[in-house]
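S.K.: Supplied structure: final_38.pdb, PDB, C-alpha atoms and all ligand atoms.
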ATOM      1  CA  MET I   1       0.000   0.000   0.000  1.00  0.00           C
ATOM      2  CA  ALA I   2       1.268   3.505  -0.819  1.00  0.00           C
ATOM      3  CA  MET I   3      -0.210   6.986  -0.802  1.00  0.00           C
ATOM      4  CA  ILE I   4      -0.153   8.339  -4.377  1.00  0.00           C
ATOM      5  CA  THR I   5      -1.142  11.789  -5.633  1.00  0.00           C
ATOM      6  CA  PHE I   6      -2.959  11.681  -8.961  1.00  0.00           C
ATOM      7  CA  LYS I   7      -2.749  14.843 -11.071  1.00  0.00           C
ATOM      8  CA  ILE I   8      -5.514  14.488 -13.613  1.00  0.00           C
ATOM      9  CA  ASN I   9      -6.283  16.739 -16.580  1.00  0.00           C
ATOM     10  CA  ARG I  10      -9.873  17.914 -16.358  1.00  0.00           C
ATOM     11  CA  TYR I  11     -12.095  19.588 -18.953  1.00  0.00           C
ATOM     12  CA  ASN I  12     -15.834  20.121 -18.972  1.00  0.00           C
ATOM     13  CA  PRO I  13     -17.303  21.374 -22.281  1.00  0.00           C
ATOM     14  CA  ASP I  14     -20.162  22.922 -20.274  1.00  0.00           C
ATOM     15  CA  ASP I  15     -17.674  25.118 -18.380  1.00  0.00           C
ATOM     16  CA  GLU I  16     -15.655  26.721 -21.193  1.00  0.00           C
ATOM     17  CA  LYS I  17     -14.781  29.605 -18.860  1.00  0.00           C
ATOM     18  CA  ARG I  18     -12.711  27.285 -16.654  1.00  0.00           C
ATOM     19  CA  GLY I  19     -11.216  25.472 -19.651  1.00  0.00           C
ATOM     20  CA  HIS I  20      -8.567  22.796 -19.109  1.00  0.00           C
ATOM     21  CA  PHE I  21      -7.088  22.424 -15.623  1.00  0.00           C
ATOM     22  CA  VAL I  22      -5.297  19.863 -13.470  1.00  0.00           C
ATOM     23  CA  GLN I  23      -7.004  18.445 -10.372  1.00  0.00           C
ATOM     24  CA  GLU I  24      -5.235  16.521  -7.620  1.00  0.00           C
ATOM     25  CA  TYR I  25      -6.539  13.503  -5.727  1.00  0.00           C
ATOM     26  CA  GLN I  26      -4.819  11.463  -3.013  1.00  0.00           C
ATOM     27  CA  LEU I  27      -5.426   7.752  -2.793  1.00  0.00           C
ATOM     28  CA  ASP I  28      -4.109   4.833  -0.738  1.00  0.00           C
ATOM     29  CA  VAL I  29      -3.155   2.401  -3.492  1.00  0.00           C
ATOM     30  CA  PRO I  30      -2.982  -1.314  -2.597  1.00  0.00           C
ATOM     31  CA  LYS I  31      -0.593  -3.715  -4.284  1.00  0.00           C
ATOM     32  CA  GLY I  32      -2.121  -5.091  -7.479  1.00  0.00           C
ATOM     33  CA  TYR I  33      -4.181  -1.980  -8.281  1.00  0.00           C
ATOM     34  CA  THR I  34      -4.019  -0.863 -11.896  1.00  0.00           C
ATOM     35  CA  VAL I  35      -4.307   2.811 -12.810  1.00  0.00           C
ATOM     36  CA  LEU I  36      -7.847   1.998 -13.964  1.00  0.00           C
ATOM     37  CA  ASP I  37      -8.653   0.611 -10.472  1.00  0.00           C
ATOM     38  CA  CYS I  38      -7.340   3.897  -9.036  1.00  0.00           C
ATOM     39  CA  LEU I  39      -9.465   5.976 -11.407  1.00  0.00           C
ATOM     40  CA  ASN I  40     -12.510   3.889 -10.480  1.00  0.00           C
ATOM     41  CA  ASP I  41     -11.806   4.483  -6.761  1.00  0.00           C
ATOM     42  CA  ILE I  42     -11.457   8.220  -7.354  1.00  0.00           C
ATOM     43  CA  LYS I  43     -14.708   8.301  -9.303  1.00  0.00           C
ATOM     44  CA  TRP I  44     -16.682   6.093  -6.933  1.00  0.00           C
ATOM     45  CA  LYS I  45     -15.328   7.442  -3.609  1.00  0.00           C
ATOM     46  CA  LEU I  46     -13.974  10.963  -4.174  1.00  0.00           C
ATOM     47  CA  ASP I  47     -15.407  12.661  -7.268  1.00  0.00           C
ATOM     48  CA  GLY I  48     -18.229  11.231  -9.340  1.00  0.00           C
ATOM     49  CA  THR I  49     -17.738  13.885 -12.021  1.00  0.00           C
ATOM     50  CA  LEU I  50     -14.403  12.440 -13.191  1.00  0.00           C
ATOM     51  CA  THR I  51     -14.948  11.070 -16.690  1.00  0.00           C
ATOM     52  CA  PHE I  52     -12.932   8.395 -18.477  1.00  0.00           C
ATOM     53  CA  ARG I  53     -13.597   5.580 -20.899  1.00  0.00           C
ATOM     54  CA  ARG I  54     -13.253   1.905 -20.005  1.00  0.00           C
ATOM     55  CA  SER I  55     -14.993  -1.348 -20.780  1.00  0.00           C
ATOM     56  CA  CYS I  56     -13.219  -4.714 -20.752  1.00  0.00           C
ATOM     57  CA  ARG I  57     -10.583  -4.008 -18.045  1.00  0.00           C
ATOM     58  CA  SER I  58      -8.587  -6.783 -19.728  1.00  0.00           C
ATOM     59  CA  GLY I  59      -6.491  -5.043 -22.388  1.00  0.00           C
ATOM     60  CA  ILE I  60      -8.861  -6.055 -25.169  1.00  0.00           C
ATOM     61  CA  CYS I  61     -11.169  -3.150 -26.031  1.00  0.00           C
ATOM     62  CA  GLY I  62      -8.625  -0.294 -26.174  1.00  0.00           C
ATOM     63  CA  SER I  63     -11.037   2.100 -24.415  1.00  0.00           C
ATOM     64  CA  CYS I  64      -8.796   3.022 -21.490  1.00  0.00           C
ATOM     65  CA  ALA I  65      -5.752   4.229 -23.470  1.00  0.00           C
ATOM     66  CA  MET I  66      -4.414   7.414 -21.863  1.00  0.00           C
ATOM     67  CA  THR I  67      -1.147   9.150 -21.063  1.00  0.00           C
ATOM     68  CA  MET I  68       0.363   8.255 -17.688  1.00  0.00           C
ATOM     69  CA  ASN I  69       3.472  10.153 -16.605  1.00  0.00           C
ATOM     70  CA  GLY I  70       3.990  11.124 -20.250  1.00  0.00           C
ATOM     71  CA  VAL I  71       3.673   7.595 -21.644  1.00  0.00           C
ATOM     72  CA  ASN I  72       0.706   6.267 -23.643  1.00  0.00           C
ATOM     73  CA  ASN I  73      -0.590   2.961 -22.323  1.00  0.00           C
ATOM     74  CA  LEU I  74      -3.721   1.112 -21.257  1.00  0.00           C
ATOM     75  CA  ALA I  75      -4.827   2.120 -17.742  1.00  0.00           C
ATOM     76  CA  CYS I  76      -6.180  -1.395 -17.128  1.00  0.00           C
ATOM     77  CA  GLU I  77      -2.788  -2.963 -17.881  1.00  0.00           C
ATOM     78  CA  THR I  78      -0.640  -0.471 -15.953  1.00  0.00           C
ATOM     79  CA  GLN I  79       0.149  -1.395 -12.357  1.00  0.00           C
ATOM     80  CA  ALA I  80       0.083   1.853 -10.332  1.00  0.00           C
ATOM     81  CA  LEU I  81       2.843   0.867  -7.884  1.00  0.00           C
ATOM     82  CA  ALA I  82       5.040  -0.346 -10.754  1.00  0.00           C
ATOM     83  CA  LEU I  83       5.262   3.273 -11.959  1.00  0.00           C
ATOM     84  CA  ASN I  84       7.389   3.668  -8.842  1.00  0.00           C
ATOM     85  CA  CYS I  85       6.559   7.266  -7.946  1.00  0.00           C
ATOM     86  CA  ASP I  86       4.418   9.116  -5.429  1.00  0.00           C
ATOM     87  CA  THR I  87       2.751  11.251  -8.120  1.00  0.00           C
ATOM     88  CA  ILE I  88       1.054  10.006 -11.283  1.00  0.00           C
ATOM     89  CA  ALA I  89       0.059  12.560 -13.933  1.00  0.00           C
ATOM     90  CA  ILE I  90      -2.798  11.401 -16.123  1.00  0.00           C
ATOM     91  CA  GLU I  91      -3.756  13.133 -19.376  1.00  0.00           C
ATOM     92  CA  PRO I  92      -6.056  12.259 -22.274  1.00  0.00           C
ATOM     93  CA  LEU I  93      -4.270  10.837 -25.347  1.00  0.00           C
ATOM     94  CA  ARG I  94      -2.513  13.724 -27.078  1.00  0.00           C
ATOM     95  CA  GLY I  95      -3.469  14.967 -30.508  1.00  0.00           C
ATOM     96  CA  TYR I  96      -7.172  14.041 -30.376  1.00  0.00           C
ATOM     97  CA  PRO I  97      -9.922  16.556 -29.525  1.00  0.00           C
ATOM     98  CA  VAL I  98     -10.891  16.226 -25.840  1.00  0.00           C
ATOM     99  CA  VAL I  99     -14.574  15.510 -25.290  1.00  0.00           C
ATOM    100  CA  LYS I 100     -14.483  15.572 -21.458  1.00  0.00           C
ATOM    101  CA  ASP I 101     -11.685  15.002 -18.907  1.00  0.00           C
ATOM    102  CA  LEU I 102      -9.832  11.875 -20.150  1.00  0.00           C
ATOM    103  CA  VAL I 103     -12.261  11.058 -22.966  1.00  0.00           C
ATOM    104  CA  VAL I 104     -11.083  11.951 -26.471  1.00  0.00           C
ATOM    105  CA  SER I 105     -12.973  11.974 -29.753  1.00  0.00           C
ATOM    106  CA  LEU I 106     -12.478   8.769 -31.738  1.00  0.00           C
ATOM    107  CA  ASP I 107     -13.346  10.533 -35.014  1.00  0.00           C
ATOM    108  CA  PRO I 108      -9.717  10.799 -36.258  1.00  0.00           C
ATOM    109  CA  ILE I 109      -9.163   7.083 -35.541  1.00  0.00           C
ATOM    110  CA  VAL I 110     -12.309   6.053 -37.409  1.00  0.00           C
ATOM    111  CA  ARG I 111     -11.617   8.447 -40.307  1.00  0.00           C
ATOM    112  CA  GLY I 112      -8.120   6.989 -40.836  1.00  0.00           C
ATOM    113  CA  LEU I 113      -9.412   3.458 -40.541  1.00  0.00           C
ATOM    114  CA  MET I 114     -12.204   3.947 -43.071  1.00  0.00           C
ATOM    115  CA  ALA I 115      -9.695   5.417 -45.555  1.00  0.00           C
ATOM    116  CA  VAL I 116      -7.892   2.080 -45.888  1.00  0.00           C
ATOM    117  CA  LYS I 117     -11.055  -0.023 -46.358  1.00  0.00           C
ATOM    118  CA  PRO I 118     -10.342  -2.317 -43.390  1.00  0.00           C
ATOM    119  CA  TYR I 119     -11.971  -5.494 -44.657  1.00  0.00           C
ATOM    120  CA  LEU I 120     -11.191  -8.422 -46.987  1.00  0.00           C
ATOM    121  CA  MET I 121     -11.918  -7.609 -50.636  1.00  0.00           C
ATOM    122  CA  THR I 122     -12.174 -10.251 -53.364  1.00  0.00           C
ATOM    123  CA  LYS I 123     -12.837 -10.459 -57.110  1.00  0.00           C
ATOM    124  CA  THR I 124     -13.427 -14.184 -57.531  1.00  0.00           C
ATOM    125  CA  PRO I 125     -16.522 -15.955 -56.215  1.00  0.00           C
ATOM    126  CA  PRO I 126     -15.998 -17.933 -52.991  1.00  0.00           C
ATOM    127  CA  PRO I 127     -15.652 -21.725 -53.191  1.00  0.00           C
ATOM    128  CA  THR I 128     -19.064 -23.366 -52.911  1.00  0.00           C
ATOM    129  CA  ASP I 129     -17.974 -26.214 -50.622  1.00  0.00           C
ATOM    130  CA  GLN I 130     -15.634 -24.463 -48.138  1.00  0.00           C
ATOM    131  CA  GLU I 131     -14.286 -21.138 -46.880  1.00  0.00           C
ATOM    132  CA  ARG I 132     -11.396 -19.359 -48.596  1.00  0.00           C
ATOM    133  CA  LEU I 133      -8.505 -21.283 -47.070  1.00  0.00           C
ATOM    134  CA  GLN I 134      -4.942 -20.342 -46.125  1.00  0.00           C
ATOM    135  CA  SER I 135      -1.939 -22.505 -45.397  1.00  0.00           C
ATOM    136  CA  PRO I 136      -0.452 -22.224 -41.873  1.00  0.00           C
ATOM    137  CA  GLU I 137       2.476 -20.296 -43.425  1.00  0.00           C
ATOM    138  CA  GLU I 138       0.119 -17.803 -45.103  1.00  0.00           C
ATOM    139  CA  ARG I 139      -1.792 -17.343 -41.835  1.00  0.00           C
ATOM    140  CA  GLU I 140       1.468 -16.791 -39.964  1.00  0.00           C
ATOM    141  CA  LYS I 141       2.137 -13.680 -42.065  1.00  0.00           C
ATOM    142  CA  LEU I 142      -0.728 -11.987 -40.207  1.00  0.00           C
ATOM    143  CA  ASP I 143       0.918 -12.382 -36.788  1.00  0.00           C
ATOM    144  CA  GLY I 144       1.808  -8.951 -35.440  1.00  0.00           C
ATOM    145  CA  LEU I 145      -0.958  -7.385 -37.560  1.00  0.00           C
ATOM    146  CA  TYR I 146      -4.311  -8.828 -36.486  1.00  0.00           C
ATOM    147  CA  GLU I 147      -3.755  -8.159 -32.764  1.00  0.00           C
ATOM    148  CA  CYS I 148      -4.358  -4.391 -32.987  1.00  0.00           C
ATOM    149  CA  ILE I 149      -7.100  -3.296 -30.563  1.00  0.00           C
ATOM    150  CA  LEU I 150      -7.461   0.179 -32.136  1.00  0.00           C
ATOM    151  CA  CYS I 151      -6.612   1.971 -28.904  1.00  0.00           C
ATOM    152  CA  GLY I 152      -5.145   4.923 -30.841  1.00  0.00           C
ATOM    153  CA  SER I 153      -1.993   5.182 -28.680  1.00  0.00           C
ATOM    154  CA  CYS I 154       0.273   4.973 -31.729  1.00  0.00           C
ATOM    155  CA  THR I 155      -1.339   7.767 -33.727  1.00  0.00           C
ATOM    156  CA  SER I 156      -1.568   9.936 -30.601  1.00  0.00           C
ATOM    157  CA  SER I 157       2.216   9.680 -30.157  1.00  0.00           C
ATOM    158  CA  CYS I 158       3.059  10.581 -33.769  1.00  0.00           C
ATOM    159  CA  PRO I 159       4.479  14.069 -34.582  1.00  0.00           C
ATOM    160  CA  SER I 160       3.266  13.703 -38.183  1.00  0.00           C
ATOM    161  CA  PHE I 161      -0.292  13.451 -36.812  1.00  0.00           C
ATOM    162  CA  TRP I 162       0.248  16.415 -34.486  1.00  0.00           C
ATOM    163  CA  ALA I 163       1.309  18.479 -37.515  1.00  0.00           C
ATOM    164  CA  ASP I 164      -1.316  17.231 -39.986  1.00  0.00           C
ATOM    165  CA  LYS I 165      -4.779  16.433 -38.669  1.00  0.00           C
ATOM    166  CA  GLU I 166      -5.632  14.777 -42.005  1.00  0.00           C
ATOM    167  CA  TYR I 167      -2.781  12.287 -41.574  1.00  0.00           C
ATOM    168  CA  VAL I 168      -4.244   8.792 -41.851  1.00  0.00           C
ATOM    169  CA  GLY I 169      -2.176   7.513 -38.911  1.00  0.00           C
ATOM    170  CA  PRO I 170      -0.151   4.422 -37.979  1.00  0.00           C
ATOM    171  CA  HIS I 171      -3.153   2.550 -36.535  1.00  0.00           C
ATOM    172  CA  ALA I 172      -4.769   2.628 -39.996  1.00  0.00           C
ATOM    173  CA  PHE I 173      -1.546   1.733 -41.830  1.00  0.00           C
ATOM    174  CA  LEU I 174      -1.099  -1.344 -39.651  1.00  0.00           C
ATOM    175  CA  LYS I 175      -4.684  -2.324 -40.452  1.00  0.00           C
ATOM    176  CA  ALA I 176      -4.131  -1.697 -44.183  1.00  0.00           C
ATOM    177  CA  TYR I 177      -1.117  -4.013 -44.195  1.00  0.00           C
ATOM    178  CA  ARG I 178      -3.121  -6.659 -42.279  1.00  0.00           C
ATOM    179  CA  PHE I 179      -5.307  -6.934 -45.428  1.00  0.00           C
ATOM    180  CA  VAL I 180      -2.620  -6.325 -48.070  1.00  0.00           C
ATOM    181  CA  ALA I 181      -0.609  -9.190 -46.501  1.00  0.00           C
ATOM    182  CA  ASP I 182      -3.640 -11.489 -46.395  1.00  0.00           C
ATOM    183  CA  THR I 183      -3.450 -14.032 -49.244  1.00  0.00           C
ATOM    184  CA  ARG I 184      -7.264 -14.172 -49.405  1.00  0.00           C
ATOM    185  CA  ASP I 185      -7.496 -10.440 -50.260  1.00  0.00           C
ATOM    186  CA  GLU I 186      -7.507  -9.919 -54.053  1.00  0.00           C
ATOM    187  CA  CYS I 187      -7.641  -6.103 -54.134  1.00  0.00           C
ATOM    188  CA  PRO I 188      -4.491  -4.724 -52.444  1.00  0.00           C
ATOM    189  CA  GLY I 189      -4.709  -1.540 -54.528  1.00  0.00           C
ATOM    190  CA  GLU I 190      -8.039  -0.713 -52.860  1.00  0.00           C
ATOM    191  CA  HIS I 191      -6.252  -0.475 -49.500  1.00  0.00           C
ATOM    192  CA  LEU I 192      -3.108   1.181 -50.889  1.00  0.00           C
ATOM    193  CA  GLU I 193      -4.311   3.862 -53.294  1.00  0.00           C
ATOM    194  CA  PRO I 194      -6.155   5.995 -50.710  1.00  0.00           C
ATOM    195  CA  ILE I 195      -2.939   6.301 -48.648  1.00  0.00           C
ATOM    196  CA  ASP I 196      -0.562   7.032 -51.536  1.00  0.00           C
ATOM    197  CA  ASP I 197      -0.532  10.793 -50.897  1.00  0.00           C
ATOM    198  CA  LYS I 198       0.838  13.533 -48.672  1.00  0.00           C
ATOM    199  CA  HIS I 199      -1.606  12.763 -45.847  1.00  0.00           C
ATOM    200  CA  GLY I 200      -0.846   9.067 -46.178  1.00  0.00           C
ATOM    201  CA  LEU I 201       2.239   6.840 -46.127  1.00  0.00           C
ATOM    202  CA  TRP I 202       4.635   9.490 -47.385  1.00  0.00           C
ATOM    203  CA  ARG I 203       3.999  11.706 -44.329  1.00  0.00           C
ATOM    204  CA  CYS I 204       5.653   9.054 -42.089  1.00  0.00           C
ATOM    205  CA  HIS I 205       9.204  10.103 -41.207  1.00  0.00           C
ATOM    206  CA  THR I 206      10.130   6.818 -39.480  1.00  0.00           C
ATOM    207  CA  ILE I 207      10.247   8.375 -36.016  1.00  0.00           C
ATOM    208  CA  PHE I 208       9.235   5.067 -34.340  1.00  0.00           C
ATOM    209  CA  ASN I 209       7.121   6.755 -31.608  1.00  0.00           C
ATOM    210  CA  CYS I 210       4.242   4.495 -32.674  1.00  0.00           C
ATOM    211  CA  VAL I 211       6.285   1.382 -31.918  1.00  0.00           C
ATOM    212  CA  GLU I 212       7.198   2.718 -28.461  1.00  0.00           C
ATOM    213  CA  ALA I 213       3.572   3.645 -27.741  1.00  0.00           C
ATOM    214  CA  CYS I 214       1.870   0.396 -28.734  1.00  0.00           C
ATOM    215  CA  PRO I 215       0.654  -1.532 -25.647  1.00  0.00           C
ATOM    216  CA  LYS I 216       0.408  -4.698 -27.747  1.00  0.00           C
ATOM    217  CA  ASP I 217       4.062  -4.561 -28.885  1.00  0.00           C
ATOM    218  CA  LEU I 218       3.064  -4.182 -32.531  1.00  0.00           C
ATOM    219  CA  ASN I 219       5.194  -2.437 -35.128  1.00  0.00           C
ATOM    220  CA  PRO I 220       3.258   0.048 -37.283  1.00  0.00           C
ATOM    221  CA  THR I 221       6.543   1.482 -38.651  1.00  0.00           C
ATOM    222  CA  LYS I 222       7.423  -1.908 -40.173  1.00  0.00           C
ATOM    223  CA  ALA I 223       3.925  -2.157 -41.666  1.00  0.00           C
ATOM    224  CA  ILE I 224       4.393   1.322 -43.196  1.00  0.00           C
ATOM    225  CA  ALA I 225       7.713   0.238 -44.749  1.00  0.00           C
ATOM    226  CA  GLU I 226       6.062  -2.878 -46.222  1.00  0.00           C
ATOM    227  CA  LEU I 227       3.189  -0.812 -47.654  1.00  0.00           C
ATOM    228  CA  LYS I 228       5.665   1.629 -49.239  1.00  0.00           C
ATOM    229  CA  LYS I 229       7.466  -1.341 -50.828  1.00  0.00           C
ATOM    230  CA  GLU I 230       4.155  -2.630 -52.206  1.00  0.00           C
ATOM    231  CA  LEU I 231       3.411   0.779 -53.710  1.00  0.00           C
ATOM    232  CA  VAL I 232       6.851   1.081 -55.322  1.00  0.00           C
ATOM    233  CA  ARG I 233       6.627  -2.488 -56.668  1.00  0.00           C
ATOM    234  CA  GLY I 234       3.202  -1.720 -58.129  1.00  0.00           C
ATOM    235  CA  LYS I 235       4.433   1.466 -59.763  1.00  0.00           C
ATOM    236  CA  LEU I 236       7.645   0.022 -61.152  1.00  0.00           C
ATOM    237  CA  GLY I 237       6.238  -3.408 -61.996  1.00  0.00           C
TER     238      GLY I 237
HETATM  239  S1  LIG H 301      -1.107  -0.519 -33.442  1.00  0.00           S
HETATM  240 FE1  LIG H 301      -0.943  -0.726 -31.184  1.00  0.00          FE
HETATM  241  S2  LIG H 301      -1.057   1.409 -30.426  1.00  0.00           S
HETATM  242 FE2  LIG H 301      -1.802   1.440 -32.532  1.00  0.00          FE
HETATM  243  S3  LIG H 301      -4.030   1.259 -32.331  1.00  0.00           S
HETATM  244 FE3  LIG H 301      -3.206  -0.834 -32.632  1.00  0.00          FE
HETATM  245  S4  LIG H 301      -2.897  -1.642 -30.560  1.00  0.00           S
HETATM  246 FE4  LIG H 301      -3.159   0.578 -30.322  1.00  0.00          FE
HETATM  247  S1  LIG H 302     -10.663  -1.252 -20.406  1.00  0.00           S
HETATM  248 FE1  LIG H 302     -10.482  -2.370 -22.293  1.00  0.00          FE
HETATM  249  S2  LIG H 302      -8.378  -2.150 -22.814  1.00  0.00           S
HETATM  250 FE2  LIG H 302      -8.525  -1.217 -20.836  1.00  0.00          FE
END
What is this structure when it is put down as structure tokens?
M.R.:
Amino acid sequence: MAMITFKINRYNPDDEKRGHFVQEYQLDVPKGYTVLDCLNDIKWKLDGTLTFRRSCRSGICGSCAMTMNGVNNLACETQALALNCDTIAIEPLRGYPVVKDLVVSLDPIVRGLMAVKPYLMTKTPPPTDQERLQSPEEREKLDGLYECILCGSCTSSCPSFWADKEYVGPHAFLKAYRFVADTRDECPGEHLEPIDDKHGLWRCHTIFNCVEACPKDLNPTKAIAELKKELVRGKLG
């Protein structure tokens, strides 16, 4: 058990006069408590107005992504005592419009995702007697791609996104490559063409913040490099 001070960014759209401010809460934090457990305690015992998003509390839904002591991560997977400090600063994910307190708008995440057509596209009719099959080796190519939970931590950490709000974003590029790399998808150009522009792949400057920020240890920068190769191959081939 340790006493921790939480410094939490607050914002209420109904109180524009006050604007954004930091509010402090003190909490006795038992061993095993995640930051999400702490936020729940603050909300349920100290201040019911504190607003944050959460759902699965198991690192699956991506809802509780936020910035803790300057690092993007999932609150439900971050042990509070493991941060090893008596003060924890909590902010909403950077770069996205703040809706209230720690809740950000998901519009930029959805807009980027929709741009890459995040679904399997085919030209040939499906087999009549079975699903479209893959070999184990073909399926293995999707490891490191399908696990994305769309938490938005990667795009929030990206300076290219901070500078260009139309930037599609690493979360969407990783998703695009998940389908381009899928042997059952017969329309890679449909995923690639919309991101072959200045708000797309070519805005990435290989800064690697997205790799650092991903709570699932995925590598959007590698996916971006593979997509660029596909585009160059298509243009030269
Ligand atoms: S790639 Fe990682 S950080 Fe980005 S949205 Fe997916 S899970 Fe979150
Ligand atoms: S609450 Fe679902 S990932 Fe944290």
S.K.: Figure out the distance between CA of Arg94 in chain I and CA of Val110 in chain I, please, to one decimal in Å.
M.R.: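 Distance between the two atoms: 16.2 Å.
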S.K.: Using all atoms listed in the file, find each residue of chain I with at least one atom at most 12 Å away from an atom of ligand LIG 302 (chain H); report its shortest atom-to-atom pair and that distance in Å (one decimal), sort the rows by chain and rising residue number, and return the result as JSON lines.
M.R.:
{"residue": "I:Thr34", "atom": "CA", "partner": "H:LIG302", "partner_atom": "FE2", "distance": 10.0}
{"residue": "I:Val35", "atom": "CA", "partner": "H:LIG302", "partner_atom": "FE2", "distance": 9.9}
{"residue": "I:Leu36", "atom": "CA", "partner": "H:LIG302", "partner_atom": "FE2", "distance": 7.6}
{"residue": "I:Asp37", "atom": "CA", "partner": "H:LIG302", "partner_atom": "S1", "distance": 10.3}
{"residue": "I:Leu39", "atom": "CA", "partner": "H:LIG302", "partner_atom": "S1", "distance": 11.6}
{"residue": "I:Asn40", "atom": "CA", "partner": "H:LIG302", "partner_atom": "S1", "distance": 11.3}
{"residue": "I:Phe52", "atom": "CA", "partner": "H:LIG302", "partner_atom": "S1", "distance": 10.1}
{"residue": "I:Arg53", "atom": "CA", "partner": "H:LIG302", "partner_atom": "S1", "distance": 7.5}
{"residue": "I:Arg54", "atom": "CA", "partner": "H:LIG302", "partner_atom": "S1", "distance": 4.1}
{"residue": "I:Ser55", "atom": "CA", "partner": "H:LIG302", "partner_atom": "S1", "distance": 4.3}
{"residue": "I:Cys56", "atom": "CA", "partner": "H:LIG302", "partner_atom": "FE1", "distance": 3.9}
{"residue": "I:Arg57", "atom": "CA", "partner": "H:LIG302", "partner_atom": "S1", "distance": 3.6}
{"residue": "I:Ser58", "atom": "CA", "partner": "H:LIG302", "partner_atom": "FE1", "distance": 5.4}
{"residue": "I:Gly59", "atom": "CA", "partner": "H:LIG302", "partner_atom": "S2", "distance": 3.5}
{"residue": "I:Ile60", "atom": "CA", "partner": "H:LIG302", "partner_atom": "S2", "distance": 4.6}
{"residue": "I:Cys61", "atom": "CA", "partner": "H:LIG302", "partner_atom": "FE1", "distance": 3.9}
{"residue": "I:Gly62", "atom": "CA", "partner": "H:LIG302", "partner_atom": "S2", "distance": 3.8}
{"residue": "I:Ser63", "atom": "CA", "partner": "H:LIG302", "partner_atom": "FE1", "distance": 5.0}
{"residue": "I:Cys64", "atom": "CA", "partner": "H:LIG302", "partner_atom": "FE2", "distance": 4.3}
{"residue": "I:Ala65", "atom": "CA", "partner": "H:LIG302", "partner_atom": "FE2", "distance": 6.7}
{"residue": "I:Met66", "atom": "CA", "partner": "H:LIG302", "partner_atom": "FE2", "distance": 9.6}
{"residue": "I:Asn73", "atom": "CA", "partner": "H:LIG302", "partner_atom": "FE2", "distance": 9.1}
{"residue": "I:Leu74", "atom": "CA", "partner": "H:LIG302", "partner_atom": "FE2", "distance": 5.4}
{"residue": "I:Ala75", "atom": "CA", "partner": "H:LIG302", "partner_atom": "FE2", "distance": 5.9}
{"residue": "I:Cys76", "atom": "CA", "partner": "H:LIG302", "partner_atom": "FE2", "distance": 4.4}
{"residue": "I:Glu77", "atom": "CA", "partner": "H:LIG302", "partner_atom": "FE2", "distance": 6.7}
{"residue": "I:Thr78", "atom": "CA", "partner": "H:LIG302", "partner_atom": "FE2", "distance": 9.3}
{"residue": "I:Cys148", "atom": "CA", "partner": "H:LIG302", "partner_atom": "S2", "distance": 11.2}
{"residue": "I:Ile149", "atom": "CA", "partner": "H:LIG302", "partner_atom": "S2", "distance": 7.9}
{"residue": "I:Leu150", "atom": "CA", "partner": "H:LIG302", "partner_atom": "S2", "distance": 9.7}
{"residue": "I:Cys151", "atom": "CA", "partner": "H:LIG302", "partner_atom": "S2", "distance": 7.6}
{"residue": "I:Gly152", "atom": "CA", "partner": "H:LIG302", "partner_atom": "S2", "distance": 11.2}
{"residue": "I:Ser153", "atom": "CA", "partner": "H:LIG302", "partner_atom": "S2", "distance": 11.4}
{"residue": "I:Pro215", "atom": "CA", "partner": "H:LIG302", "partner_atom": "S2", "distance": 9.5}
{"residue": "I:Lys216", "atom": "CA", "partner": "H:LIG302", "partner_atom": "S2", "distance": 10.4}
S.K.: Please compute the CA of Glu147 in chain I-CA of Val211 in chain I distance, one decimal, in Å.
M.R.: 13.9 Å
S.K.: Any chance you could resolve the PyMOL selection byres (((chain I and resi 141) around 12) and not hetatm) against this file and give the residues as a list of chain:residue names?
M.R.: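 This file gives the following for the PyMOL selection byres (((chain I and resi 141) around 12) and not hetatm): I:Gln134, I:Ser135, I:Pro136, I:Glu137, I:Glu138, I:Arg139, I:Glu140, I:Leu142, I:Asp143, I:Gly144, I:Leu145, I:Tyr146, I:Tyr177, I:Arg178, I:Phe179, I:Val180, I:Ala181, I:Asp182, I:Thr183, I:Arg184, I:Ala223.
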S.K.: I'd like the residues picked by the PyMOL selection byres (((chain I and resi 157) around 8) and not hetatm) written out as number ranges by chain, using the chain letters and numbers from the file.
M.R.: I: 72, 94-95, 153-156, 158-159, 209-210, 213
S.K.: Do you know which residues the PyMOL selection byres (((chain I and resi 87) around 6) and not hetatm) returns on this file, as a ChimeraX atom specification?
M.R.: /I:4-6,85-86,88
S.K.: Neighbouring residues of range 191-202 of chain I were defined as those with any atom within 7 Å, considering all atoms listed in the file; residues of the same chain fewer than 6 positions away were excluded. Please report them as a PyMOL selection string.
M.R.: chain I and resi 115-117+166-168+176+224+228
S.K.: Write the selection just made, keeping C-alpha atoms, as an mmCIF file, in the frame of the given file?
M.R.:
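Final output, saved to selection36.cif:
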data_model
loop_
_atom_site.group_PDB
_atom_site.id
_atom_site.type_symbol
_atom_site.label_atom_id
_atom_site.label_comp_id
_atom_site.auth_asym_id
_atom_site.auth_seq_id
_atom_site.Cartn_x
_atom_site.Cartn_y
_atom_site.Cartn_z
ATOM 1 C CA ALA I 115 -9.695 5.417 -45.555
ATOM 2 C CA VAL I 116 -7.892 2.080 -45.888
ATOM 3 C CA LYS I 117 -11.055 -0.023 -46.358
ATOM 4 C CA GLU I 166 -5.632 14.777 -42.005
ATOM 5 C CA TYR I 167 -2.781 12.287 -41.574
ATOM 6 C CA VAL I 168 -4.244 8.792 -41.851
ATOM 7 C CA ALA I 176 -4.131 -1.697 -44.183
ATOM 8 C CA ILE I 224 4.393 1.322 -43.196
ATOM 9 C CA LYS I 228 5.665 1.629 -49.239
#
S.K.: Between CA of Cys38 in chain I and CA of Ala2 in chain I, what is the spacing in Å?
M.R.: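 Spanning CA of Ala2 in chain I to CA of Cys38 in chain I is a straight-line distance of 11.9 Å.
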S.K.: So, counting only C-alpha atoms and all ligand atoms, which residue among I:Thr122, I:Cys214, I:Val232, I:Ala163 is closest to ligand LIG 301 (chain H)?
M.R.: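 Between I:Thr122, I:Cys214, I:Val232, I:Ala163, the residue approaching ligand LIG 301 (chain H) most closely is I:Cys214.
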